[in-house]
Number of protein chains: 4
Amino acid sequence: MSSMWGKALRISLFGESHGEGIGVVIDGLPSGFEVDLAQLRAFMKRRAPGQTPWSTARAESDLPKILSGLYKGKTTGTPLTAVILNHDTLSRDYQNLQDVPRPSHADYTGRLRYKGANDPRGGGHFSGRLTAPLCFAGGLARQILEAQGVYLAAHIKSLAGIEDRAIDLARPPVEALAQIKDKTFPVLDDDQGQKMIDLVLEAKKDLDSVGGIVELVAWGFPAGIGNPIFGSLEGELSSMLFSVPAVKAVSLGRGFDMTAARGSENNDVPYYDGNQVRFKTNNGGGIDGGISNGMPIIFQVGIKPTASISQAQASVDLAKGEDTDLVIKGRHDPCIVPRAVPVVEAATSLVLLDQLIQARGLQGMGEK
Amino acid sequence: MSSMWGKALRISLFGESHGEGIGVVIDGLPSGFEVDLAQLRAFMKRRAPGQTPWSTARAESDLPKILSGLYKGKTTGTPLTAVILNHDTLSRDYQNLQDVPRPSHADYTGRLRYKGANDPRGGGHFSGRLTAPLCFAGGLARQILEAQGVYLAAHIKSLAGIEDRAIDLARPPVEALAQIKDKTFPVLDDDQGQKMIDLVLEAKKDLDSVGGIVELVAWGFPAGIGNPIFGSLEGELSSMLFSVPAVKAVSLGRGFDMTAARGSENNDVPYYDGNQVRFKTNNGGGIDGGISNGMPIIFQVGIKPTASISQAQASVDLAKGEDTDLVIKGRHDPCIVPRAVPVVEAATSLVLLDQLIQARGLQGMGEK
Amino acid sequence: MSSMWGKALRISLFGESHGEGIGVVIDGLPSGFEVDLAQLRAFMKRRAPGQTPWSTARAESDLPKILSGLYKGKTTGTPLTAVILNHDTLSRDYQNLQDVPRPSHADYTGRLRYKGANDPRGGGHFSGRLTAPLCFAGGLARQILEAQGVYLAAHIKSLAGIEDRAIDLARPPVEALAQIKDKTFPVLDDDQGQKMIDLVLEAKKDLDSVGGIVELVAWGFPAGIGNPIFGSLEGELSSMLFSVPAVKAVSLGRGFDMTAARGSENNDVPYYDGNQVRFKTNNGGGIDGGISNGMPIIFQVGIKPTASISQAQASVDLAKGEDTDLVIKGRHDPCIVPRAVPVVEAATSLVLLDQLIQARGLQGMGEK
Amino acid sequence: MSSMWGKALRISLFGESHGEGIGVVIDGLPSGFEVDLAQLRAFMKRRAPGQTPWSTARAESDLPKILSGLYKGKTTGTPLTAVILNHDTLSRDYQNLQDVPRPSHADYTGRLRYKGANDPRGGGHFSGRLTAPLCFAGGLARQILEAQGVYLAAHIKSLAGIEDRAIDLARPPVEALAQIKDKTFPVLDDDQGQKMIDLVLEAKKDLDSVGGIVELVAWGFPAGIGNPIFGSLEGELSSMLFSVPAVKAVSLGRGFDMTAARGSENNDVPYYDGNQVRFKTNNGGGIDGGISNGMPIIFQVGIKPTASISQAQASVDLAKGEDTDLVIKGRHDPCIVPRAVPVVEAATSLVLLDQLIQARGLQGMGEK
């Protein structure tokens, strides 16, 4: 009960960082949707490692091979499977990790959970590399959403404490957000972005790492989608977002700040904009009672500083039963936040599409 | 796909605020567990309304009637059902709400979702009153957890910006936390608690409301429980926590603060304490890679100020298609946070027990 | 993981035969559907005991009380709950069964499964009485199906070896089938029905019981609904049908007979009837590859002779660890088959409606 | 919601008959289990085509490549993925089938379900070829079951009306059954088997096909596993069995015959065999009330004659909207029953292991 997800749209993620390959099966896709593979590759490239000074040097092509579910360029509606074979693996880097867990990684907990039988190389199934097939699935879901008039984009809201330009929750700058996907560094304010980059490079020089906050905005998502209580839109979103490695916090709309506000000032008041109901503010992030209210869906995701750092750290030797020192030799990002931006977009796309299909039984888009 | 939850342990919540009754079916309980009904009632009383100046005047006994699943005082293992009949309902208070949605409530979204057919009285199925059967189910789960050596307690970490005493994440004050259940106002530092109460009463006087943050600590939960990716412990927790009305943010351990820290300072370093692996810090909140690491599980839940306020507010009249004013006449809490404390405990208990049963197949506790 | 069922439409069954009450929560119903309660009661009455010489003398009104999910006579779309309180229980009848299991009942297996803690009175949660709330849920689903143009009816195909008139699978007599619900004994050929009744009464006189086969026909169900492999229409149907106590076999269309046929003679050949595709035969029972083909859906359900018989039987005394004799004193049907007819209809209605909602996202039937 | 299955143990099947490849992801396997790959290949070979005169001439190696979940020869506990690439595909054979559906195939229903976008070549995702990865998953589950002392074997109970030697349900010949896996033709009585083969070859000569019944026996499965009502062992088994293409009927134990018996003669009476409870007969097939009773689990699966036959058949041309004739040119089995035997074993293995894991939380078999 772990690596499968979804209700109407479902995915099954598989693979280990240094195994034969990783991939995803996507079940429940509407049939007859023409997939833009070039766009999908471009989307995945935003997550790919080895492109900038601030990401790991591991250079994988990460080109997925589609084994099933696509026929004459369109989704068949039956399971669509994509596989990425692993090539550039340096497993000797991780040899010593089997007994000496990396702090704040899943090495120790994974070993307990799987009684020592899980693949320890590069984090195995726990590796951030599993976000590649997640991006494949989410990138495809995103294309289908766009065909339904639903758009989304994320930016780095803060990195190591440096803030990007704040957005108006009720009127987010959707044009600017839509262009972030073409930027090397996904922020609204490039000057602030440069300060962030400087901090990342400084941390890298110090053999250290930094974290940050990603903020996502989705617009065009229809009102009235979601469910009360356990099937709530925010519950489904948060559950999926916490599946992204290094995510440690999720907040909607105005987030934790609203806990210090008064109701009179925090309530989102509806009004008629022509014959359309809108809300004067959007502190709730576009969701009331688990259901979309037609305003942009906005949330923030807190990402911890990369656990893998090149400094020597203390740890334990589980084989010897004693304390020890650890130097992590593998390649790793001094800051995962920029690469997390498309991952958050992908994760969100899957949740929103699953909800749309549940509501509308969107089984096919083709004709016959 | 809404009001049912769970994998090995499952619950089905039902009812509307002003309908015939509300309740819960709990499926998958271990058989043969002797339920302490007095303790369960005491637990539910912590959530019950009408007890203090800062909660709604609605005075319900909220005594659940158990229809099934309990035989000779023990769980049968087959579905356990509890029903709470509604008595003290003043539905005329809510008459005008069918067309004029209360800001930041689910009135508008519920109407869209259910095409106007849902019960609008008192929020219907969206009402916070549904947390009563949730507390019943969670209070029972908690007893089973305690029989397995797992304990948990929550406190108000902050209310309207006033902070309770901060806890050491690696060594939380478990004795003090365990006593919070006997307090009228669930904080560690009663002086700070008094300041919070003052703020609530001031907001009430102003016909306004305030929000806050609840922090939960669970200890004794074994290491190695949970799953990578979609079945992660934090994903399951957050999904359930966002099911609690008014929850808008969830963070683990050190929370959003860790996004501004460096890895070298944020990583939780393991060491041997005798032959037991422990961690010097607990910034991650006791979970690594979706799996418990044996440290206390700690998270924070952000709760917005109560949306129902007695001040006049703007809204829309959906029948007339025009803007209007709204005065909410029903009874409501100026601050829901104190009553949310046991609800967060209940929600957490359900998740932790579900995980334990998944891991251990805990089908029965009896003998034969 | 036991008494909850469904994907888009979900139900949670609860209760024990001699406990406080039994009932069902139905989640995922379309909102705004006007329920015909009189018709629902009439449907449930077909299953109710105590009405004829061939059913148990237990006379329960079995009038369900609706606790939630119905507002102004229409479904709200949030969970609809019905409870039937138990009144006419003679638990002393079952006292000796705790240690001496009734042959071919779940007494022994239930005791092992729940480690002796389950409620043994009258079979507890295993009782056929749980089919009352199943009929409530299915009777409601049936009304919604009829509003979509989908109809279904079942008859006793055979009882103790006596056959009802055989139906033409490709052109079943739908008018005659639709009238079966008004008959005391649900067969097409009343003369054959009288022979069956005679056999039942003979078995009753002998303190014995008989079994039979129920055949269901559904018409008007659209083509193209269902799924390949695990979500197949026949898989979903069979899984639900085996949930009905005493069901031991399920076959589609021509059933086991087709295993002795040749393909050339068994294949259902399509042809154009005007511009409508139909099939010359319907040996497959209206389902190909897990998906409806537009022909009537037809299947048979084999029901064993009632396990409870009044004759002395051998058994074991689990407390003493020795063989013993057993005389079952409770009231029971010499033949459950006639009462199983509406249960099979109810079970089928739930599956077909769940499939329709999955395919079409049928969330609401109201307007606004 | 189609090609994923399971609760504690889950699988995701993917692929199309003539696409790039087919495969399976298996999630929830106990970790640390040493897989016998040679045995697994031998098991899969029993299903493989092209080996005998009575199976299709398509000769695929069907050697699965394992992409994940196996490390140092043992299961990691994280998703295990196997892929079989397609090589010997003659897609031109199927060109005309897109518009002219083969009778009693899923061509017509699949086209409706997926609005014409599904892959029609060789049946696409509906192809019997998908039973290859099902056998991979089931063959692995079977090895784990054997390590728990649970064994199973199936035989052809009847083929085109010719019966294999009948088994005693209470004392099935487990040694003889265990040897069937080494036979070319899976029957207990080879003389009867030869008659069956003769009939198959006769049907082949007539460009026709025949069907049959497969009977499975599982022994060593512990008593007390399963659930009442919807999670019943027989419900889970039947749902899975109907997922196997061409299966049209499932019966337990004595099957439909018991519907003509009396209770006094059909009830399975328990007795003490030493200090072990056993049953004098096993008409119920080892399951009472959804839960195993410790007797062998026995059921029968009715398989229709292969729908693909080489004779000319009538059909419709959906593009032209008129009746037409159809000659199927592809390769196909005149009788699928012998190859269905290991598939039924595989399907059953998955269900039984899923149930065991649910009951016991069998997360790992390794040591630490």
# chains A, B, ... in the order shown; residues from 1 in each chain; ligands from 1

call {"tool": "calpha_fit_and_write", "arguments": {"fixed": "chain C", "moving": "chain B", "output": "short mmCIF file (atom, residue, chain, number, x, y, z; two decimals) with C-alpha atoms, in the first residue's frame"}}
result
data_model
loop_
_atom_site.label_atom_id
_atom_site.label_comp_id
_atom_site.auth_asym_id
_atom_site.auth_seq_id
_atom_site.Cartn_x
_atom_site.Cartn_y
_atom_site.Cartn_z
CA MET B 1 -11.65 -4.44 5.19
CA SER B 2 -14.95 -6.16 5.09
CA SER B 3 -18.27 -4.47 5.20
CA MET B 4 -17.57 -1.49 3.02
CA TRP B 5 -17.99 -1.69 -0.72
CA GLY B 6 -17.84 0.37 -3.87
CA LYS B 7 -15.85 2.82 -5.94
CA ALA B 8 -17.91 5.85 -6.97
CA LEU B 9 -21.00 4.69 -5.10
CA ARG B 10 -20.06 3.23 -1.76
CA ILE B 11 -21.89 1.54 1.05
CA SER B 12 -21.01 0.63 4.60
CA LEU B 13 -23.12 -2.16 6.13
CA PHE B 14 -23.29 -2.61 9.87
CA GLY B 15 -25.08 -4.47 12.62
CA GLU B 16 -25.64 -7.85 14.15
CA SER B 17 -28.69 -10.03 14.00
CA HIS B 18 -29.56 -9.67 17.67
CA GLY B 19 -27.76 -6.43 18.53
CA GLU B 20 -29.26 -2.98 18.84
CA GLY B 21 -29.77 -2.47 15.17
CA ILE B 22 -28.54 -2.92 11.64
CA GLY B 23 -28.18 -0.45 8.85
CA VAL B 24 -26.30 1.05 5.97
CA VAL B 25 -24.53 4.25 5.00
CA ILE B 26 -24.65 5.06 1.28
CA ASP B 27 -22.03 7.49 0.02
CA GLY B 28 -21.70 8.94 -3.44
CA LEU B 29 -25.38 9.07 -4.39
CA PRO B 30 -26.34 11.62 -7.01
CA SER B 31 -27.90 14.61 -5.28
CA GLY B 32 -31.43 15.82 -5.89
CA PHE B 33 -33.00 12.45 -6.58
CA GLU B 34 -36.56 12.24 -5.27
CA VAL B 35 -36.85 8.97 -3.37
CA ASP B 36 -40.12 7.04 -3.53
CA LEU B 37 -40.19 5.76 0.03
CA ALA B 38 -43.41 3.78 -0.43
CA GLN B 39 -41.88 1.91 -3.34
CA LEU B 40 -38.71 1.35 -1.35
CA ARG B 41 -40.69 -0.13 1.52
CA ALA B 42 -42.57 -2.35 -0.93
CA PHE B 43 -39.28 -3.54 -2.35
CA MET B 44 -37.89 -4.33 1.09
CA LYS B 45 -41.08 -6.16 2.00
CA ARG B 46 -40.31 -8.71 -0.72
CA ARG B 47 -37.29 -9.74 1.33
CA ALA B 48 -38.87 -9.48 4.76
CA PRO B 49 -39.34 -12.65 6.81
CA GLY B 50 -42.50 -14.03 8.34
CA GLN B 51 -44.79 -13.52 5.40
CA THR B 52 -45.28 -17.00 4.03
CA PRO B 53 -45.24 -20.60 5.22
CA TRP B 54 -41.89 -21.11 3.63
CA SER B 55 -40.03 -18.38 5.44
CA THR B 56 -38.89 -17.94 9.02
CA ALA B 57 -41.52 -17.03 11.59
CA ARG B 58 -39.45 -14.08 12.78
CA ALA B 59 -41.75 -11.14 12.14
CA GLU B 60 -39.88 -7.88 11.94
CA SER B 61 -41.37 -4.74 10.58
CA ASP B 62 -37.95 -3.88 9.19
CA LEU B 63 -38.96 -0.33 8.61
CA PRO B 64 -35.78 1.61 8.19
CA LYS B 65 -35.35 5.00 9.81
CA ILE B 66 -33.42 7.45 7.67
CA LEU B 67 -30.95 9.41 9.77
CA SER B 68 -29.22 11.46 7.12
CA GLY B 69 -28.85 12.22 3.45
CA LEU B 70 -32.48 12.95 2.66
CA TYR B 71 -33.80 16.52 2.72
CA LYS B 72 -37.22 17.57 1.52
CA GLY B 73 -37.67 14.09 0.08
CA LYS B 74 -34.58 14.24 -2.10
CA THR B 75 -31.09 12.85 -1.78
CA THR B 76 -28.66 15.47 -0.55
CA GLY B 77 -25.68 13.78 -2.19
CA THR B 78 -23.99 13.44 1.20
CA PRO B 79 -24.12 10.09 3.03
CA LEU B 80 -27.60 8.62 3.32
CA THR B 81 -28.01 6.45 6.40
CA ALA B 82 -30.79 4.04 7.23
CA VAL B 83 -31.10 2.16 10.50
CA ILE B 84 -33.37 -0.75 11.37
CA LEU B 85 -33.65 -1.36 15.09
CA ASN B 86 -33.91 -4.96 16.20
CA HIS B 87 -36.95 -5.90 18.25
CA ASP B 88 -38.09 -9.47 17.85
CA THR B 89 -34.92 -11.17 18.98
CA LEU B 90 -34.94 -14.43 20.90
CA SER B 91 -31.33 -14.65 21.81
CA ARG B 92 -31.67 -17.54 24.19
CA ASP B 93 -32.30 -19.69 21.11
CA TYR B 94 -28.71 -19.21 20.12
CA GLN B 95 -27.03 -19.56 23.46
CA ASN B 96 -25.53 -22.98 22.81
CA LEU B 97 -24.08 -21.94 19.47
CA GLN B 98 -21.16 -20.05 20.88
CA ASP B 99 -19.25 -23.25 21.44
CA VAL B 100 -21.09 -25.64 19.14
CA PRO B 101 -20.94 -24.30 15.61
CA ARG B 102 -23.81 -24.92 13.23
CA PRO B 103 -22.64 -26.90 10.19
CA SER B 104 -22.07 -24.84 7.05
CA HIS B 105 -22.56 -21.61 8.97
CA ALA B 106 -19.95 -19.01 9.79
CA ASP B 107 -20.05 -19.84 13.50
CA TYR B 108 -16.75 -21.69 13.40
CA THR B 109 -14.94 -19.48 10.92
CA GLY B 110 -16.24 -16.28 12.55
CA ARG B 111 -14.98 -17.48 15.91
CA LEU B 112 -11.52 -18.08 14.46
CA ARG B 113 -11.46 -14.85 12.51
CA TYR B 114 -12.44 -12.71 15.48
CA LYS B 115 -10.74 -14.80 18.13
CA GLY B 116 -13.98 -15.57 19.87
CA ALA B 117 -15.01 -11.96 20.38
CA ASN B 118 -17.65 -11.66 17.67
CA ASP B 119 -21.34 -11.61 18.55
CA PRO B 120 -22.59 -15.19 18.10
CA ARG B 121 -26.29 -14.48 18.58
CA GLY B 122 -28.18 -15.32 15.42
CA GLY B 123 -25.01 -15.30 13.38
CA GLY B 124 -24.15 -11.78 14.47
CA HIS B 125 -22.80 -9.72 11.59
CA PHE B 126 -22.82 -12.84 9.38
CA SER B 127 -26.59 -13.10 9.61
CA GLY B 128 -28.74 -13.09 6.49
CA ARG B 129 -30.53 -10.26 8.27
CA LEU B 130 -27.81 -7.93 6.96
CA THR B 131 -29.44 -8.29 3.56
CA ALA B 132 -32.22 -5.98 4.81
CA PRO B 133 -30.04 -2.84 4.73
CA LEU B 134 -28.48 -4.17 1.52
CA CYS B 135 -31.98 -4.19 0.05
CA PHE B 136 -32.56 -0.69 1.30
CA ALA B 137 -29.43 0.54 -0.48
CA GLY B 138 -30.07 -1.54 -3.57
CA GLY B 139 -33.73 -0.58 -3.72
CA LEU B 140 -32.72 3.06 -3.76
CA ALA B 141 -30.06 2.42 -6.42
CA ARG B 142 -32.70 0.66 -8.46
CA GLN B 143 -34.93 3.73 -8.44
CA ILE B 144 -32.07 5.84 -9.72
CA LEU B 145 -31.31 3.28 -12.42
CA GLU B 146 -34.95 3.31 -13.53
CA ALA B 147 -34.76 7.09 -13.86
CA GLN B 148 -31.88 6.40 -16.26
CA GLY B 149 -33.90 3.84 -18.23
CA VAL B 150 -32.25 0.78 -16.71
CA TYR B 151 -34.53 -1.98 -15.43
CA LEU B 152 -33.95 -5.35 -13.84
CA ALA B 153 -35.85 -8.32 -12.48
CA ALA B 154 -34.98 -11.75 -11.18
CA HIS B 155 -36.84 -15.01 -10.96
CA ILE B 156 -36.29 -18.42 -9.42
CA LYS B 157 -34.74 -20.32 -12.29
CA SER B 158 -34.82 -23.58 -10.37
CA LEU B 159 -35.60 -24.75 -6.88
CA ALA B 160 -34.61 -28.14 -5.58
CA GLY B 161 -34.21 -29.17 -9.19
CA ILE B 162 -37.61 -27.95 -10.43
CA GLU B 163 -37.14 -25.53 -13.33
CA ASP B 164 -39.05 -22.35 -14.06
CA ARG B 165 -39.81 -21.61 -17.72
CA ALA B 166 -36.53 -21.05 -19.56
CA ILE B 167 -35.93 -17.60 -20.98
CA ASP B 168 -34.56 -16.66 -24.39
CA LEU B 169 -31.27 -14.99 -23.48
CA ALA B 170 -31.38 -12.72 -26.52
CA ARG B 171 -35.04 -11.76 -26.09
CA PRO B 172 -35.96 -12.24 -22.45
CA PRO B 173 -39.65 -11.69 -21.60
CA VAL B 174 -39.16 -8.33 -19.96
CA GLU B 175 -42.83 -7.57 -19.40
CA ALA B 176 -43.37 -10.87 -17.59
CA LEU B 177 -40.17 -10.36 -15.64
CA ALA B 178 -41.24 -6.88 -14.61
CA GLN B 179 -44.41 -8.31 -13.07
CA ILE B 180 -42.62 -10.83 -10.90
CA LYS B 181 -42.20 -8.27 -8.16
CA ASP B 182 -45.96 -8.40 -7.54
CA LYS B 183 -46.07 -12.17 -7.16
CA THR B 184 -45.93 -13.99 -3.84
CA PHE B 185 -43.64 -16.57 -5.40
CA PRO B 186 -41.20 -15.12 -7.91
CA VAL B 187 -41.39 -17.40 -10.96
CA LEU B 188 -42.51 -16.93 -14.54
CA ASP B 189 -44.51 -20.16 -14.62
CA ASP B 190 -46.83 -20.33 -11.62
CA ASP B 191 -47.53 -24.03 -12.09
CA GLN B 192 -43.86 -24.78 -11.77
CA GLY B 193 -43.82 -22.37 -8.85
CA GLN B 194 -46.48 -24.43 -7.10
CA LYS B 195 -44.36 -27.55 -7.52
CA MET B 196 -41.46 -25.69 -5.96
CA ILE B 197 -43.62 -24.56 -3.03
CA ASP B 198 -44.72 -28.13 -2.49
CA LEU B 199 -41.11 -29.25 -2.32
CA VAL B 200 -40.25 -26.53 0.16
CA LEU B 201 -43.14 -27.47 2.42
CA GLU B 202 -42.18 -31.12 2.17
CA ALA B 203 -38.62 -30.27 3.18
CA LYS B 204 -39.96 -28.18 6.04
CA LYS B 205 -42.05 -31.10 7.23
CA ASP B 206 -38.89 -33.20 7.16
CA LEU B 207 -37.08 -30.55 9.26
CA ASP B 208 -34.88 -30.06 6.24
CA SER B 209 -34.15 -27.38 3.64
CA VAL B 210 -33.66 -26.90 -0.10
CA GLY B 211 -31.69 -24.57 -2.37
CA GLY B 212 -32.05 -23.17 -5.85
CA ILE B 213 -30.89 -20.85 -8.61
CA VAL B 214 -31.87 -17.22 -9.08
CA GLU B 215 -31.56 -15.70 -12.53
CA LEU B 216 -31.39 -11.97 -13.08
CA VAL B 217 -32.08 -9.98 -16.23
CA ALA B 218 -31.20 -6.29 -16.60
CA TRP B 219 -32.25 -4.36 -19.67
CA GLY B 220 -31.72 -0.82 -20.84
CA PHE B 221 -28.20 -0.74 -19.48
CA PRO B 222 -26.12 1.18 -22.01
CA ALA B 223 -23.41 -0.47 -24.07
CA GLY B 224 -19.82 0.47 -23.38
CA ILE B 225 -19.93 0.53 -19.57
CA GLY B 226 -17.39 -1.45 -17.57
CA ASN B 227 -13.67 -2.06 -17.74
CA PRO B 228 -11.14 -4.60 -18.92
CA ILE B 229 -9.41 -6.92 -16.48
CA PHE B 230 -9.92 -6.11 -12.80
CA GLY B 231 -12.69 -3.59 -13.08
CA SER B 232 -14.75 -5.88 -15.30
CA LEU B 233 -18.51 -5.70 -15.04
CA GLU B 234 -18.75 -9.43 -14.36
CA GLY B 235 -15.98 -9.26 -11.76
CA GLU B 236 -17.73 -6.47 -9.92
CA LEU B 237 -21.06 -8.27 -10.14
CA SER B 238 -19.73 -11.61 -8.95
CA SER B 239 -17.84 -10.08 -6.07
CA MET B 240 -21.01 -8.40 -4.87
CA LEU B 241 -23.18 -11.48 -5.47
CA PHE B 242 -20.88 -13.70 -3.44
CA SER B 243 -21.44 -11.23 -0.61
CA VAL B 244 -25.00 -12.48 -0.37
CA PRO B 245 -25.10 -15.27 2.21
CA ALA B 246 -25.57 -18.81 0.83
CA VAL B 247 -24.48 -17.88 -2.71
CA LYS B 248 -22.04 -20.51 -3.94
CA ALA B 249 -21.94 -20.05 -7.72
CA VAL B 250 -22.29 -17.33 -10.32
CA SER B 251 -22.53 -17.83 -14.07
CA LEU B 252 -23.14 -15.46 -16.96
CA GLY B 253 -25.49 -15.92 -19.89
CA ARG B 254 -25.49 -19.53 -20.91
CA GLY B 255 -23.32 -20.38 -17.92
CA PHE B 256 -21.40 -23.61 -17.46
CA ASP B 257 -23.22 -25.12 -20.45
CA MET B 258 -21.11 -23.03 -22.78
CA THR B 259 -18.02 -24.92 -21.65
CA ALA B 260 -19.26 -27.93 -23.60
CA ALA B 261 -20.16 -25.96 -26.72
CA ARG B 262 -18.10 -25.12 -29.77
CA GLY B 263 -17.11 -21.58 -30.56
CA SER B 264 -19.00 -21.53 -33.82
CA GLU B 265 -22.18 -22.25 -31.95
CA ASN B 266 -21.50 -20.19 -28.86
CA ASN B 267 -20.26 -16.93 -30.34
CA ASP B 268 -22.70 -14.04 -30.20
CA VAL B 269 -22.83 -12.63 -33.72
CA PRO B 270 -23.63 -8.93 -34.18
CA TYR B 271 -25.99 -7.60 -36.82
CA TYR B 272 -27.68 -4.36 -37.70
CA ASP B 273 -31.25 -4.01 -36.50
CA GLY B 274 -31.98 -0.76 -38.32
CA ASN B 275 -29.01 1.38 -37.35
CA GLN B 276 -28.66 -0.34 -34.01
CA VAL B 277 -26.11 -3.08 -33.44
CA ARG B 278 -27.64 -6.10 -31.76
CA PHE B 279 -26.54 -9.70 -31.35
CA LYS B 280 -28.29 -12.78 -32.69
CA THR B 281 -27.68 -14.69 -29.48
CA ASN B 282 -26.74 -13.65 -25.97
CA ASN B 283 -24.74 -16.59 -24.68
CA GLY B 284 -22.28 -14.23 -23.07
CA GLY B 285 -24.96 -12.58 -20.94
CA GLY B 286 -24.55 -9.10 -22.37
CA ILE B 287 -20.92 -8.60 -21.38
CA ASP B 288 -17.82 -8.92 -23.57
CA GLY B 289 -14.37 -8.28 -22.16
CA GLY B 290 -15.75 -6.80 -18.95
CA ILE B 291 -17.92 -4.25 -20.75
CA SER B 292 -21.64 -4.20 -21.51
CA ASN B 293 -22.56 -4.80 -25.16
CA GLY B 294 -26.08 -3.42 -25.04
CA MET B 295 -27.83 -6.79 -24.85
CA PRO B 296 -29.68 -7.73 -21.65
CA ILE B 297 -27.28 -8.54 -18.83
CA ILE B 298 -28.19 -12.02 -17.63
CA PHE B 299 -26.64 -14.19 -14.96
CA GLN B 300 -27.47 -17.02 -12.59
CA VAL B 301 -26.74 -17.30 -8.90
CA GLY B 302 -26.55 -20.68 -7.16
CA ILE B 303 -27.90 -20.70 -3.61
CA LYS B 304 -27.22 -23.61 -1.30
CA PRO B 305 -29.94 -25.22 0.79
CA THR B 306 -30.42 -23.28 4.03
CA ALA B 307 -27.72 -24.41 6.41
CA SER B 308 -29.98 -24.06 9.45
CA ILE B 309 -32.17 -27.15 9.66
CA SER B 310 -34.23 -28.40 12.56
CA GLN B 311 -32.96 -31.95 12.40
CA ALA B 312 -30.36 -33.06 14.86
CA GLN B 313 -26.88 -32.79 13.33
CA ALA B 314 -23.40 -33.74 14.42
CA SER B 315 -21.02 -30.97 15.40
CA VAL B 316 -18.16 -30.25 17.76
CA ASP B 317 -18.04 -28.65 21.19
CA LEU B 318 -15.14 -26.25 20.93
CA ALA B 319 -15.09 -25.54 24.65
CA LYS B 320 -14.86 -29.21 25.57
CA GLY B 321 -12.82 -30.21 22.53
CA GLU B 322 -15.08 -33.14 21.64
CA ASP B 323 -17.68 -34.22 19.15
CA THR B 324 -21.28 -33.55 20.06
CA ASP B 325 -24.79 -33.35 18.70
CA LEU B 326 -26.60 -30.18 17.87
CA VAL B 327 -30.23 -29.24 17.55
CA ILE B 328 -30.76 -25.75 16.18
CA LYS B 329 -33.71 -24.21 17.95
CA GLY B 330 -34.05 -20.83 16.26
CA ARG B 331 -36.49 -19.98 13.51
CA HIS B 332 -35.24 -20.31 9.99
CA ASP B 333 -36.37 -20.58 6.40
CA PRO B 334 -36.65 -24.06 4.91
CA CYS B 335 -35.70 -22.29 1.67
CA ILE B 336 -34.11 -18.91 1.36
CA VAL B 337 -34.34 -18.74 -2.42
CA PRO B 338 -37.60 -16.76 -2.79
CA ARG B 339 -36.37 -14.12 -0.38
CA ALA B 340 -33.01 -14.07 -2.17
CA VAL B 341 -34.64 -12.85 -5.37
CA PRO B 342 -34.97 -9.20 -4.28
CA VAL B 343 -31.58 -9.39 -2.60
CA VAL B 344 -29.97 -10.34 -5.90
CA GLU B 345 -31.83 -7.49 -7.55
CA ALA B 346 -30.60 -5.09 -4.87
CA ALA B 347 -27.00 -6.28 -5.12
CA THR B 348 -27.06 -5.95 -8.89
CA SER B 349 -28.56 -2.48 -8.74
CA LEU B 350 -25.70 -1.26 -6.60
CA VAL B 351 -23.08 -2.58 -9.01
CA LEU B 352 -24.77 -1.20 -12.11
CA LEU B 353 -25.27 2.22 -10.55
CA ASP B 354 -21.67 2.34 -9.32
CA GLN B 355 -20.54 1.62 -12.87
CA LEU B 356 -22.80 4.26 -14.38
CA ILE B 357 -21.52 6.88 -11.94
CA GLN B 358 -17.92 5.92 -12.65
CA ALA B 359 -18.53 6.30 -16.37
CA ARG B 360 -20.57 9.46 -16.27
CA GLY B 361 -19.70 11.20 -13.04
CA LEU B 362 -23.40 11.32 -12.25
CA GLN B 363 -23.11 13.67 -9.31
CA GLY B 364 -26.45 15.32 -9.32
CA MET B 365 -29.88 15.04 -10.83
CA GLY B 366 -31.28 18.29 -9.51
CA GLU B 367 -31.23 21.73 -10.98
CA LYS B 368 -30.00 24.99 -9.69
#
